[in-house]
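These notes concern the structure reproduced below.
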There are 2 protein chains.
Amino acid sequence: MEGNTNKERGGVEWRINMGDGTSRVLEAESRFGLQRFVSKVGGFFQRAWRLGVNEPKKLIHCVKVGLALSLVSLFYYMRPLYDGVGGNAMWAVMTVVVVFEYTVGATLCKCVNRATGTFLAGALGVGVHWVASQSGERFEPIILQLSVFLLATAATFSRFIPSIKARFDYGAMIFILTFSLISVSGYRVEKLFEMAHHRLSTIAIGTSICIITTIVFCPVWAGTELHNLIRNNMDKLSDSLDGCVADYFSTNSETSDKTWQGYKCALNSKATEESLANFARWEPAHDKFNFGHPWLEYVKVGASLRSCAYCIEALNGSMNSEAKVPDGLKQHFGNFCVRLSNASSGVMREVAVVMSSMKKPTRIDFMAEEMRNAVEELENALKSLSKQPILAAEGVTLVEVAPLVTVSSLLIEIAARTEKLAGAVNGVAEKAEFEVETAEEAKKGQSLKGGD
Amino acid sequence: MEGNTNKERGGVEWRINMGDGTSRVLEAESRFGLQRFVSKVGGFFQRAWRLGVNEPKKLIHCVKVGLALSLVSLFYYMRPLYDGVGGNAMWAVMTVVVVFEYTVGATLCKCVNRATGTFLAGALGVGVHWVASQSGERFEPIILQLSVFLLATAATFSRFIPSIKARFDYGAMIFILTFSLISVSGYRVEKLFEMAHHRLSTIAIGTSICIITTIVFCPVWAGTELHNLIRNNMDKLSDSLDGCVADYFSTNSETSDKTWQGYKCALNSKATEESLANFARWEPAHDKFNFGHPWLEYVKVGASLRSCAYCIEALNGSMNSEAKVPDGLKQHFGNFCVRLSNASSGVMREVAVVMSSMKKPTRIDFMAEEMRNAVEELENALKSLSKQPILAAEGVTLVEVAPLVTVSSLLIEIAARTEKLAGAVNGVAEKAEFEVETAEEAKKGQSLKGGD
């Protein structure tokens with residue numbers, strides 16, 4: 001019997017009797033429901049811990065939220081402050097919770113939206129209220145209801161318009177909220193003025209606490225995040241390109257899969273880039289960036305990066321194809337392909353350096369020229385291949401060289417897209433008025449490149 | 001003088017005198033500032049109008065928001081209702097404004113989050129309040145402040161954890177908000193219970209008005225939206241594939257650019273798909289979908305679709321390359337390539353039909369087999385090409401056939417990815433337990449296909 005084997009192993013058996021008279025051994029998994037639950041919760045906390053350790057900025061943000069809330073709650077404990085806002089300190093707490101975001105830009109955006117939305121809706125609400133109160137008891141509720149219905153509909157519609165959604169989505173919501181509250185509140189107009197005053201001052205208190213906390217303690221600037229995101233994506237893309245080409249043409253496959261897959265980050269960062277760019281536009285001068293830095297140009301750079309990433313994805317796919325290329329041909333072509341991929345990834349790296357140093361590009365033209373030469377050489381190699389003895393004599397068919405030809409064409413396409421990327425970065429350099437590199441810096445850059 | 005020419009043309013000149021003594025003709029653009037402003041505003045409204053006409057669903061949503069707000073504002077006008085919630089009707093209005101979202105799933109998600117967050121934070125807040133009040137006047141504010149700080153930090157951190165962010169982001173925020181408000185409010189515990197009761201009942205009123213309005217009047221289900229999005233992307237992808245291959249191999253270029261570019265929609269829909277899938281999980285049974293429909297499988301289908309789209313992007317790129325392919329070769333290959341692309345796009349269309357009819361796929365295996373045959377034939381054509389007289393005799397070099405080879409390889413890669421897509425759809429069909437097609441329906445489907 002099986003039970004014996006189990007006992008021989010020294011295990012204790014957990015059996016349950018089934019409805020049909022047989023019994024079933026409980027599996028270890030379901031045996032210790034509690035243990036499994038504990039291990040699941042443990043795993044959750046472990047992952048959370050790792051998240052915190054890997055991204056200390058996020059941990060700091062959490063502490064900042066706690067701090068801002070502690071600050072604003074002082075309004076409850078200090079009598080004069082509490083009375084100053086007529087017992088409406090609640091709105092200040094609410095503002096802090098709702099408005100405090102991860103990046104400075106997002107926080108500023110929400111602050112401005114909240115203040116403006118409340119002010120506009122307040123002014124309009126008082127006006128409508130006055131009109132309604134003048135038109136007699138019978139029409140008053142009708143006018144109020146109708147205005148709420150119409151304005152809520154219109155404001156909700158405005159949230160669907162892309163240009164408004166990008167910058168004033170939250171403001172439109174606050175507008176609806178405030179207007180509805182005022183219109184239906186049924187207060188007299190004088191009372192409304194007092195309320196509006198308190199409401200605005202609590203919002204001012206809440207937003208200033210948020211802005212101070214977010215800027216003073218380890219600020220996370222949306223602009224800097226966008227800048228780093230784009231830079232990192234460039235580096236990942238060049239690493240992927242180098243990695244997969246080297247791996248394909250080399251006999252030993254030592255490159256870890258991870259460097260290869262870096263390009264995938266660039267594939268899906270469109271939404272992040274756009275929202276960061278929108279928030280960055282609200283930010284004052286910080287780090288190396290002035291107010292009015294051309295953040296929208298960064299979105300264009302991101303788009304060019306992505307178009308390179310699509311090609312690298314296809315390259316990866318065609319490299320994994322099963323068709324076997326004769327070794328001699330592979331070696332012959334490997335030189336040209338690796339040279340071209342190195343030239344392209346070199347341009348990407350240089351472009352990344354330009355972005356991070358914010359100096360006018362000086363070497364890119366030269367490197368792009370080099371890349372164009374590499375393209376030409378690869379094309380010449382392709383041209384001469386059909387005359388090569390190996391193809392004619394050894395009976396190598398086109399299907400065997402097909403992967404090589406595809407890889408070459410895709411590399412040529414990647415080179416073309418890399419040039420467009422360089423153009424986009426040039427656009428940033430011009431609009432942001434990057435400084436010209438001094439001779440000394442250029443030398444240093446050159447020697448650094450030599451040391452690579 | 002230039003001025004003369006202007007006058008001869010009958011134009012009136014608007015000049016401004018510059019600081020340096022010269023004068024400058026004002027351009028027509030800046031001349032009529034007001035006119036320009038009006039035309040800009042007009043353009044804005046025109047675009048808004050078009051948005052509304054093209055997507056009436058969004059317009060209906062706006063009306064629904066207005067309706068829900070009008071409904072909830074009745075609480076202010078009906079005395080018994082107003083007194084029933086202790087004058088806290090404000091919270092009901094607030095709930096409606098904040099919770100009402102475009103899709104049913106998003107609204108339900110926010111409703112559940114708001115109710116749960118408020119309830120949990122309320123219970124915890126009352127508990128902490130009681131502990132603090134028991135520990136003497138000196139420690140009370142310290143305990144309260146500390147608890148706010150710690151819980152706000154922890155809850156904010158939880159919002160960074162992907163699994164929580166996807167489903168409970170809003171709940172965590174409401175938790176922080178309610179807990180802070182309760183802890184610092186300084187009320188006695190009995191008063192708190194009353195407040196909690198009112199708060200919860202206003203939230204219940206607000207959420208039920210939202211849920212009723214959103215479900216009863218022209219509901220927009222996140223699940224259906226996701227389903228249609230994926231379906232449309234499939235159709236667009238197959239159209240793009242057909243369109244660009246036909247365009248490349250045909251001599252007349254009649255296909256409009258627009259059908260080609262459809263694949264771009266699939267490239268950037270990852271974020272939308274994921275959020276829709278998350279919201280769809282909250283939705284009850286609707287349309288053809290049961291509660292617990294495998295929406296997360298749809299995300300996988302979307303990912304396979306995107307991987308096809310990347311390849312089509314690269315295909316488009318390599319088709320635009322300047323290299324000129326000899327016409328004879330192009331025609332010879334065109335047949336095989338068009339056949340393969342038709343087979344692939346056929347599988348995509350069939351897969352789209354399976355998704356929308358929700359019947360077990362019956363013809364896909366057969367069509368995939370056909371696609372595999374087309375791949376084989378194309379490979380054979382490539383194999384035999386090097387033996388073709390045209391290549392040897394006319395001195396066609398490899399660089400001239402390179403675009404053809406690349407297009408072929410990419411088409412083969414697209415076929416491989418289409419098979420994966422079919423596998424992902426099979427996964428949906430199994431998990432959602434699609435019904436088996438009746439013989440009649442199958443016949444109808446066949447005849448419909450024949451009529452294409």
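Identifiers in this document derive from the order of the structure tokens: chains are assigned A, B, ..., residues are numbered from 1 separately in each chain, and ligands are numbered from 1 in order of occurrence.
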Near-Ala402 in chain A list (8 Å; only C-alpha atoms; drop same-chain fewer than 5 positions) as a list in words: Val405, Thr406 and Ser409 of chain B
Export of the given selection (all heavy atoms) as a JSON list (two decimals), in the first residue's frame:
```json
[["chain", "number", "residue", "atom", "x", "y", "z"],
["B", 405, "VAL", "N", 14.38, 39.94, -49.88],
["B", 405, "VAL", "CA", 14.69, 38.92, -48.88],
["B", 405, "VAL", "C", 14.23, 39.38, -47.50],
["B", 405, "VAL", "O", 13.65, 38.62, -46.73],
["B", 405, "VAL", "CB", 16.20, 38.62, -48.89],
["B", 405, "VAL", "CG1", 16.55, 37.67, -47.77],
["B", 405, "VAL", "CG2", 16.62, 38.04, -50.22],
["B", 406, "THR", "N", 14.48, 40.66, -47.22],
["B", 406, "THR", "CA", 14.08, 41.20, -45.92],
["B", 406, "THR", "C", 12.57, 41.14, -45.75],
["B", 406, "THR", "O", 12.06, 40.70, -44.71],
["B", 406, "THR", "CB", 14.55, 42.66, -45.77],
["B", 406, "THR", "OG1", 15.93, 42.70, -46.10],
["B", 406, "THR", "CG2", 14.34, 43.16, -44.38],
["B", 409, "SER", "N", 11.57, 37.60, -45.11],
["B", 409, "SER", "CA", 11.89, 37.13, -43.75],
["B", 409, "SER", "C", 10.94, 37.73, -42.74],
["B", 409, "SER", "O", 10.48, 37.06, -41.82],
["B", 409, "SER", "CB", 13.31, 37.52, -43.35],
["B", 409, "SER", "OG", 14.22, 37.17, -44.31]]
```
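Nearest to chain A of all the residues B:Trp295, B:Phe366, B:Trp282, B:Tyr310 is B:Tyr310, counting only C-alpha atoms.
Using only C-alpha atoms, the smallest distance between any of A:Leu267, A:Ile312, A:Val112, A:Val301 and Gly243 in chain A comes from A:Ile312.
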Skip Lys57 in chain B itself and residues of its chain fewer than 2 positions away, then list as a PyMOL selection string all residues within 12 Å of it, counting only C-alpha atoms. (chain A and resi 157+160) or (chain B and resi 51-55+59-64+102-103+217-221+225)
For the structure I just gave you, how does DSSP split range 78-326 of chain B - specifically, which residues are alpha helix (DSSP H)? Reply as a PDB file with C-alpha atoms, in the first residue's frame.
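Result went into selection-v3.pdb, see below:
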```pdb
ATOM      1  CA  ARG B  79     -36.039  68.478   3.882  1.00  0.00           C
ATOM      2  CA  PRO B  80     -36.542  64.954   5.259  1.00  0.00           C
ATOM      3  CA  LEU B  81     -33.720  63.572   3.120  1.00  0.00           C
ATOM      4  CA  TYR B  82     -31.438  66.431   4.125  1.00  0.00           C
ATOM      5  CA  ASP B  83     -32.088  65.990   7.827  1.00  0.00           C
ATOM      6  CA  GLY B  84     -31.725  62.231   7.511  1.00  0.00           C
ATOM      7  CA  ALA B  89     -25.438  65.998   2.049  1.00  0.00           C
ATOM      8  CA  MET B  90     -22.229  67.669   0.843  1.00  0.00           C
ATOM      9  CA  TRP B  91     -20.451  64.325   1.048  1.00  0.00           C
ATOM     10  CA  ALA B  92     -22.985  62.747  -1.260  1.00  0.00           C
ATOM     11  CA  VAL B  93     -22.410  65.437  -3.896  1.00  0.00           C
ATOM     12  CA  MET B  94     -18.679  65.028  -3.496  1.00  0.00           C
ATOM     13  CA  THR B  95     -18.919  61.260  -3.885  1.00  0.00           C
ATOM     14  CA  VAL B  96     -20.829  61.594  -7.128  1.00  0.00           C
ATOM     15  CA  VAL B  97     -18.369  64.076  -8.630  1.00  0.00           C
ATOM     16  CA  VAL B  98     -15.305  62.109  -7.639  1.00  0.00           C
ATOM     17  CA  VAL B  99     -16.535  58.578  -8.272  1.00  0.00           C
ATOM     18  CA  VAL B 104     -19.030  51.033 -15.403  1.00  0.00           C
ATOM     19  CA  GLY B 105     -15.999  49.080 -14.192  1.00  0.00           C
ATOM     20  CA  ALA B 106     -14.044  52.197 -13.264  1.00  0.00           C
ATOM     21  CA  THR B 107     -17.064  53.611 -11.423  1.00  0.00           C
ATOM     22  CA  LEU B 108     -17.636  50.357  -9.537  1.00  0.00           C
ATOM     23  CA  CYS B 109     -13.932  50.147  -8.687  1.00  0.00           C
ATOM     24  CA  LYS B 110     -13.969  53.659  -7.254  1.00  0.00           C
ATOM     25  CA  CYS B 111     -17.232  53.071  -5.380  1.00  0.00           C
ATOM     26  CA  VAL B 112     -15.948  49.915  -3.711  1.00  0.00           C
ATOM     27  CA  ASN B 113     -12.615  51.573  -2.979  1.00  0.00           C
ATOM     28  CA  ARG B 114     -14.254  54.640  -1.482  1.00  0.00           C
ATOM     29  CA  ALA B 115     -16.615  52.660   0.705  1.00  0.00           C
ATOM     30  CA  THR B 116     -13.997  50.154   1.867  1.00  0.00           C
ATOM     31  CA  GLY B 117     -11.318  52.771   2.434  1.00  0.00           C
ATOM     32  CA  THR B 118     -13.657  54.949   4.458  1.00  0.00           C
ATOM     33  CA  PHE B 119     -14.918  52.022   6.508  1.00  0.00           C
ATOM     34  CA  LEU B 120     -11.471  50.602   7.316  1.00  0.00           C
ATOM     35  CA  ALA B 121      -9.968  53.990   8.115  1.00  0.00           C
ATOM     36  CA  GLY B 122     -13.020  54.878  10.178  1.00  0.00           C
ATOM     37  CA  ALA B 123     -12.782  51.720  12.283  1.00  0.00           C
ATOM     38  CA  LEU B 124      -9.046  52.102  12.755  1.00  0.00           C
ATOM     39  CA  GLY B 125      -9.382  55.822  13.479  1.00  0.00           C
ATOM     40  CA  VAL B 126     -11.979  55.289  16.170  1.00  0.00           C
ATOM     41  CA  GLY B 127      -9.755  52.598  17.710  1.00  0.00           C
ATOM     42  CA  VAL B 128      -6.677  54.799  17.751  1.00  0.00           C
ATOM     43  CA  HIS B 129      -8.767  57.644  19.080  1.00  0.00           C
ATOM     44  CA  TRP B 130      -9.989  55.505  21.953  1.00  0.00           C
ATOM     45  CA  VAL B 131      -6.453  54.326  22.808  1.00  0.00           C
ATOM     46  CA  ALA B 132      -5.196  57.906  22.710  1.00  0.00           C
ATOM     47  CA  SER B 133      -7.998  59.192  24.909  1.00  0.00           C
ATOM     48  CA  GLN B 134      -7.205  56.487  27.496  1.00  0.00           C
ATOM     49  CA  GLY B 136      -3.818  60.795  29.279  1.00  0.00           C
ATOM     50  CA  GLU B 137      -3.799  64.340  28.011  1.00  0.00           C
ATOM     51  CA  ARG B 138      -0.044  64.448  27.631  1.00  0.00           C
ATOM     52  CA  PHE B 139       0.312  61.473  25.324  1.00  0.00           C
ATOM     53  CA  GLU B 140      -2.905  61.914  23.381  1.00  0.00           C
ATOM     54  CA  PRO B 141      -1.671  64.354  20.699  1.00  0.00           C
ATOM     55  CA  ILE B 142       1.615  62.460  20.400  1.00  0.00           C
ATOM     56  CA  ILE B 143      -0.118  59.145  19.787  1.00  0.00           C
ATOM     57  CA  LEU B 144      -2.526  60.732  17.313  1.00  0.00           C
ATOM     58  CA  GLN B 145       0.185  62.569  15.376  1.00  0.00           C
ATOM     59  CA  LEU B 146       2.402  59.526  15.310  1.00  0.00           C
ATOM     60  CA  SER B 147      -0.385  57.283  14.069  1.00  0.00           C
ATOM     61  CA  VAL B 148      -1.214  59.728  11.268  1.00  0.00           C
ATOM     62  CA  PHE B 149       2.415  59.940  10.247  1.00  0.00           C
ATOM     63  CA  LEU B 150       2.977  56.179  10.271  1.00  0.00           C
ATOM     64  CA  LEU B 151      -0.247  55.145   8.593  1.00  0.00           C
ATOM     65  CA  ALA B 152      -0.023  57.850   5.934  1.00  0.00           C
ATOM     66  CA  THR B 153       3.515  56.760   5.134  1.00  0.00           C
ATOM     67  CA  ALA B 154       2.580  53.080   4.991  1.00  0.00           C
ATOM     68  CA  ALA B 155      -0.553  53.647   2.910  1.00  0.00           C
ATOM     69  CA  THR B 156       1.327  55.901   0.491  1.00  0.00           C
ATOM     70  CA  PHE B 157       3.966  53.225   0.121  1.00  0.00           C
ATOM     71  CA  SER B 158       1.319  50.615  -0.636  1.00  0.00           C
ATOM     72  CA  PRO B 162       1.936  47.320  -8.600  1.00  0.00           C
ATOM     73  CA  SER B 163      -0.712  44.793  -7.522  1.00  0.00           C
ATOM     74  CA  ILE B 164      -2.260  47.299  -5.110  1.00  0.00           C
ATOM     75  CA  LYS B 165      -1.863  50.254  -7.462  1.00  0.00           C
ATOM     76  CA  ALA B 166      -3.793  48.411 -10.159  1.00  0.00           C
ATOM     77  CA  ARG B 167      -6.874  47.807  -8.046  1.00  0.00           C
ATOM     78  CA  PHE B 168      -6.810  49.746  -4.786  1.00  0.00           C
ATOM     79  CA  ASP B 169      -4.961  52.986  -5.508  1.00  0.00           C
ATOM     80  CA  TYR B 170      -7.984  55.163  -4.866  1.00  0.00           C
ATOM     81  CA  GLY B 171      -8.940  53.187  -1.766  1.00  0.00           C
ATOM     82  CA  ALA B 172      -5.513  53.792  -0.228  1.00  0.00           C
ATOM     83  CA  MET B 173      -5.895  57.530  -0.789  1.00  0.00           C
ATOM     84  CA  ILE B 174      -9.351  57.572   0.766  1.00  0.00           C
ATOM     85  CA  PHE B 175      -7.969  55.558   3.682  1.00  0.00           C
ATOM     86  CA  ILE B 176      -5.317  58.209   4.362  1.00  0.00           C
ATOM     87  CA  LEU B 177      -7.870  60.987   3.986  1.00  0.00           C
ATOM     88  CA  THR B 178     -10.459  59.525   6.329  1.00  0.00           C
ATOM     89  CA  PHE B 179      -7.943  58.393   8.920  1.00  0.00           C
ATOM     90  CA  SER B 180      -6.301  61.823   9.053  1.00  0.00           C
ATOM     91  CA  LEU B 181      -9.627  63.595   9.332  1.00  0.00           C
ATOM     92  CA  ILE B 182     -10.795  61.349  12.160  1.00  0.00           C
ATOM     93  CA  SER B 183      -7.552  61.243  14.119  1.00  0.00           C
ATOM     94  CA  VAL B 184      -7.051  64.952  14.223  1.00  0.00           C
ATOM     95  CA  SER B 185     -10.673  65.982  14.474  1.00  0.00           C
ATOM     96  CA  VAL B 189     -15.686  58.933  20.461  1.00  0.00           C
ATOM     97  CA  GLU B 190     -19.498  59.076  20.686  1.00  0.00           C
ATOM     98  CA  LYS B 191     -19.610  62.030  18.342  1.00  0.00           C
ATOM     99  CA  LEU B 192     -17.318  60.128  16.012  1.00  0.00           C
ATOM    100  CA  PHE B 193     -19.758  57.238  15.766  1.00  0.00           C
ATOM    101  CA  GLU B 194     -22.488  59.602  14.699  1.00  0.00           C
ATOM    102  CA  MET B 195     -20.193  61.198  12.141  1.00  0.00           C
ATOM    103  CA  ALA B 196     -19.104  57.828  10.811  1.00  0.00           C
ATOM    104  CA  HIS B 197     -22.729  56.814  10.437  1.00  0.00           C
ATOM    105  CA  HIS B 198     -23.558  59.952   8.443  1.00  0.00           C
ATOM    106  CA  ARG B 199     -20.437  59.743   6.388  1.00  0.00           C
ATOM    107  CA  LEU B 200     -21.057  56.142   5.422  1.00  0.00           C
ATOM    108  CA  SER B 201     -24.700  56.723   4.615  1.00  0.00           C
ATOM    109  CA  THR B 202     -23.889  59.715   2.386  1.00  0.00           C
ATOM    110  CA  ILE B 203     -21.293  57.635   0.602  1.00  0.00           C
ATOM    111  CA  ALA B 204     -23.849  54.874   0.178  1.00  0.00           C
ATOM    112  CA  ILE B 205     -26.308  57.382  -1.298  1.00  0.00           C
ATOM    113  CA  GLY B 206     -23.699  58.880  -3.622  1.00  0.00           C
ATOM    114  CA  THR B 207     -22.341  55.564  -4.829  1.00  0.00           C
ATOM    115  CA  SER B 208     -25.773  54.062  -5.420  1.00  0.00           C
ATOM    116  CA  ILE B 209     -26.844  57.078  -7.479  1.00  0.00           C
ATOM    117  CA  CYS B 210     -23.652  56.727  -9.510  1.00  0.00           C
ATOM    118  CA  ILE B 211     -24.030  53.000 -10.010  1.00  0.00           C
ATOM    119  CA  ILE B 212     -27.675  53.246 -10.996  1.00  0.00           C
ATOM    120  CA  THR B 213     -27.079  56.110 -13.424  1.00  0.00           C
ATOM    121  CA  THR B 214     -24.066  54.492 -15.004  1.00  0.00           C
ATOM    122  CA  ILE B 215     -25.682  51.073 -15.456  1.00  0.00           C
ATOM    123  CA  VAL B 216     -29.239  52.071 -16.393  1.00  0.00           C
ATOM    124  CA  ALA B 222     -14.943  48.452 -19.680  1.00  0.00           C
ATOM    125  CA  GLY B 223     -15.060  44.808 -20.738  1.00  0.00           C
ATOM    126  CA  THR B 224     -16.900  45.562 -23.955  1.00  0.00           C
ATOM    127  CA  GLU B 225     -14.563  48.468 -24.667  1.00  0.00           C
ATOM    128  CA  LEU B 226     -11.540  46.211 -24.176  1.00  0.00           C
ATOM    129  CA  HIS B 227     -13.119  43.544 -26.345  1.00  0.00           C
ATOM    130  CA  ASN B 228     -13.810  46.034 -29.131  1.00  0.00           C
ATOM    131  CA  LEU B 229     -10.380  47.631 -28.813  1.00  0.00           C
ATOM    132  CA  ILE B 230      -8.633  44.287 -29.270  1.00  0.00           C
ATOM    133  CA  ARG B 231     -10.959  43.324 -32.095  1.00  0.00           C
ATOM    134  CA  ASN B 232     -10.445  46.623 -33.898  1.00  0.00           C
ATOM    135  CA  ASN B 233      -6.694  46.396 -33.481  1.00  0.00           C
ATOM    136  CA  MET B 234      -6.784  42.927 -35.043  1.00  0.00           C
ATOM    137  CA  ASP B 235      -8.725  44.236 -38.006  1.00  0.00           C
ATOM    138  CA  LYS B 236      -6.452  47.244 -38.378  1.00  0.00           C
ATOM    139  CA  LEU B 237      -3.382  45.034 -38.234  1.00  0.00           C
ATOM    140  CA  SER B 238      -4.645  42.686 -40.916  1.00  0.00           C
ATOM    141  CA  ASP B 239      -5.663  45.620 -43.102  1.00  0.00           C
ATOM    142  CA  SER B 240      -2.231  47.221 -42.668  1.00  0.00           C
ATOM    143  CA  LEU B 241      -0.461  43.999 -43.509  1.00  0.00           C
ATOM    144  CA  ASP B 242      -2.548  43.408 -46.623  1.00  0.00           C
ATOM    145  CA  GLY B 243      -2.376  47.047 -47.607  1.00  0.00           C
ATOM    146  CA  CYS B 244       1.344  47.551 -47.389  1.00  0.00           C
ATOM    147  CA  VAL B 245       2.289  44.256 -49.017  1.00  0.00           C
ATOM    148  CA  ALA B 246      -0.167  44.799 -51.878  1.00  0.00           C
ATOM    149  CA  ASP B 247       1.087  48.344 -52.277  1.00  0.00           C
ATOM    150  CA  TYR B 248       4.717  47.278 -52.372  1.00  0.00           C
ATOM    151  CA  PHE B 249       4.233  44.612 -54.982  1.00  0.00           C
ATOM    152  CA  ASP B 257      -1.987  55.866 -46.575  1.00  0.00           C
ATOM    153  CA  LYS B 258      -4.592  55.638 -43.866  1.00  0.00           C
ATOM    154  CA  THR B 259      -5.301  51.909 -44.018  1.00  0.00           C
ATOM    155  CA  TRP B 260      -1.581  51.285 -43.846  1.00  0.00           C
ATOM    156  CA  TYR B 263      -1.144  49.171 -37.066  1.00  0.00           C
ATOM    157  CA  LYS B 264       0.108  52.221 -35.165  1.00  0.00           C
ATOM    158  CA  CYS B 265      -2.995  52.078 -32.974  1.00  0.00           C
ATOM    159  CA  ALA B 266      -1.913  48.678 -31.733  1.00  0.00           C
ATOM    160  CA  LEU B 267       1.613  49.897 -30.961  1.00  0.00           C
ATOM    161  CA  LYS B 270      -0.767  48.722 -23.836  1.00  0.00           C
ATOM    162  CA  ALA B 271      -1.657  51.143 -21.036  1.00  0.00           C
ATOM    163  CA  THR B 272      -5.285  51.428 -22.182  1.00  0.00           C
ATOM    164  CA  GLU B 273      -5.667  47.669 -22.444  1.00  0.00           C
ATOM    165  CA  GLU B 274      -4.270  47.074 -18.987  1.00  0.00           C
ATOM    166  CA  SER B 275      -6.422  49.652 -17.261  1.00  0.00           C
ATOM    167  CA  LEU B 276      -9.550  48.457 -19.093  1.00  0.00           C
ATOM    168  CA  ALA B 277      -8.780  44.856 -18.100  1.00  0.00           C
ATOM    169  CA  ASN B 278      -8.390  45.916 -14.475  1.00  0.00           C
ATOM    170  CA  PHE B 279     -11.711  47.757 -14.513  1.00  0.00           C
ATOM    171  CA  ALA B 280     -13.475  44.970 -16.406  1.00  0.00           C
ATOM    172  CA  TRP B 295     -10.025  39.634 -18.945  1.00  0.00           C
ATOM    173  CA  LEU B 296      -6.372  39.264 -18.061  1.00  0.00           C
ATOM    174  CA  GLU B 297      -6.050  36.829 -20.973  1.00  0.00           C
ATOM    175  CA  TYR B 298      -7.124  39.679 -23.221  1.00  0.00           C
ATOM    176  CA  VAL B 299      -4.033  41.564 -22.102  1.00  0.00           C
ATOM    177  CA  LYS B 300      -1.936  38.628 -23.324  1.00  0.00           C
ATOM    178  CA  VAL B 301      -3.744  38.699 -26.658  1.00  0.00           C
ATOM    179  CA  GLY B 302      -3.014  42.421 -26.822  1.00  0.00           C
ATOM    180  CA  ALA B 303       0.678  41.740 -26.183  1.00  0.00           C
ATOM    181  CA  SER B 304       0.840  39.180 -29.024  1.00  0.00           C
ATOM    182  CA  LEU B 305      -0.917  41.658 -31.269  1.00  0.00           C
ATOM    183  CA  ARG B 306       1.656  44.286 -30.409  1.00  0.00           C
ATOM    184  CA  SER B 307       4.511  41.930 -31.186  1.00  0.00           C
ATOM    185  CA  CYS B 308       2.972  41.477 -34.656  1.00  0.00           C
ATOM    186  CA  ALA B 309       2.637  45.241 -34.951  1.00  0.00           C
ATOM    187  CA  TYR B 310       6.357  45.761 -34.214  1.00  0.00           C
ATOM    188  CA  CYS B 311       7.183  43.497 -37.123  1.00  0.00           C
ATOM    189  CA  ILE B 312       4.763  45.286 -39.416  1.00  0.00           C
ATOM    190  CA  GLU B 313       6.430  48.549 -38.416  1.00  0.00           C
ATOM    191  CA  ALA B 314       9.831  47.163 -39.417  1.00  0.00           C
ATOM    192  CA  LEU B 315       8.269  45.795 -42.614  1.00  0.00           C
ATOM    193  CA  ASN B 316       6.964  49.238 -43.461  1.00  0.00           C
ATOM    194  CA  GLY B 317      10.415  50.684 -42.825  1.00  0.00           C
ATOM    195  CA  SER B 318      12.199  48.227 -45.071  1.00  0.00           C
ATOM    196  CA  MET B 319       9.614  48.686 -47.824  1.00  0.00           C
TER     197      MET B 319
END
```
Work out how far CA of Ser408 in chain B is from CA of Leu421 in chain B, in Å to one decimal.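 A separation of 19.7 Å between them.
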Within 8 Å of Val325 in chain B, counting only C-alpha atoms, which residues qualify if same-chain residues fewer than 2 places away don't, as a list in words? Ala323, Asp327, Leu329, Lys330, Glu400, Val401, Pro403 and Leu404 of chain B
Between CA of Met348 in chain A and CA of Glu379 in chain A, measure the distance and give it in Å to one decimal. 21.5 Å
I need the strand (DSSP E) residues of range 3-250 of chain B per DSSP on the backbone, written as a list in words.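 Here is the list: Arg15, Ile16, Asn17, Ser23, Arg24 and Val25 of chain B.
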Pick out the closest residue to chain A from this set: B:Thr362, B:Asn320, B:Asn335, B:Gln35. Count only C-alpha atoms. B:Asn320
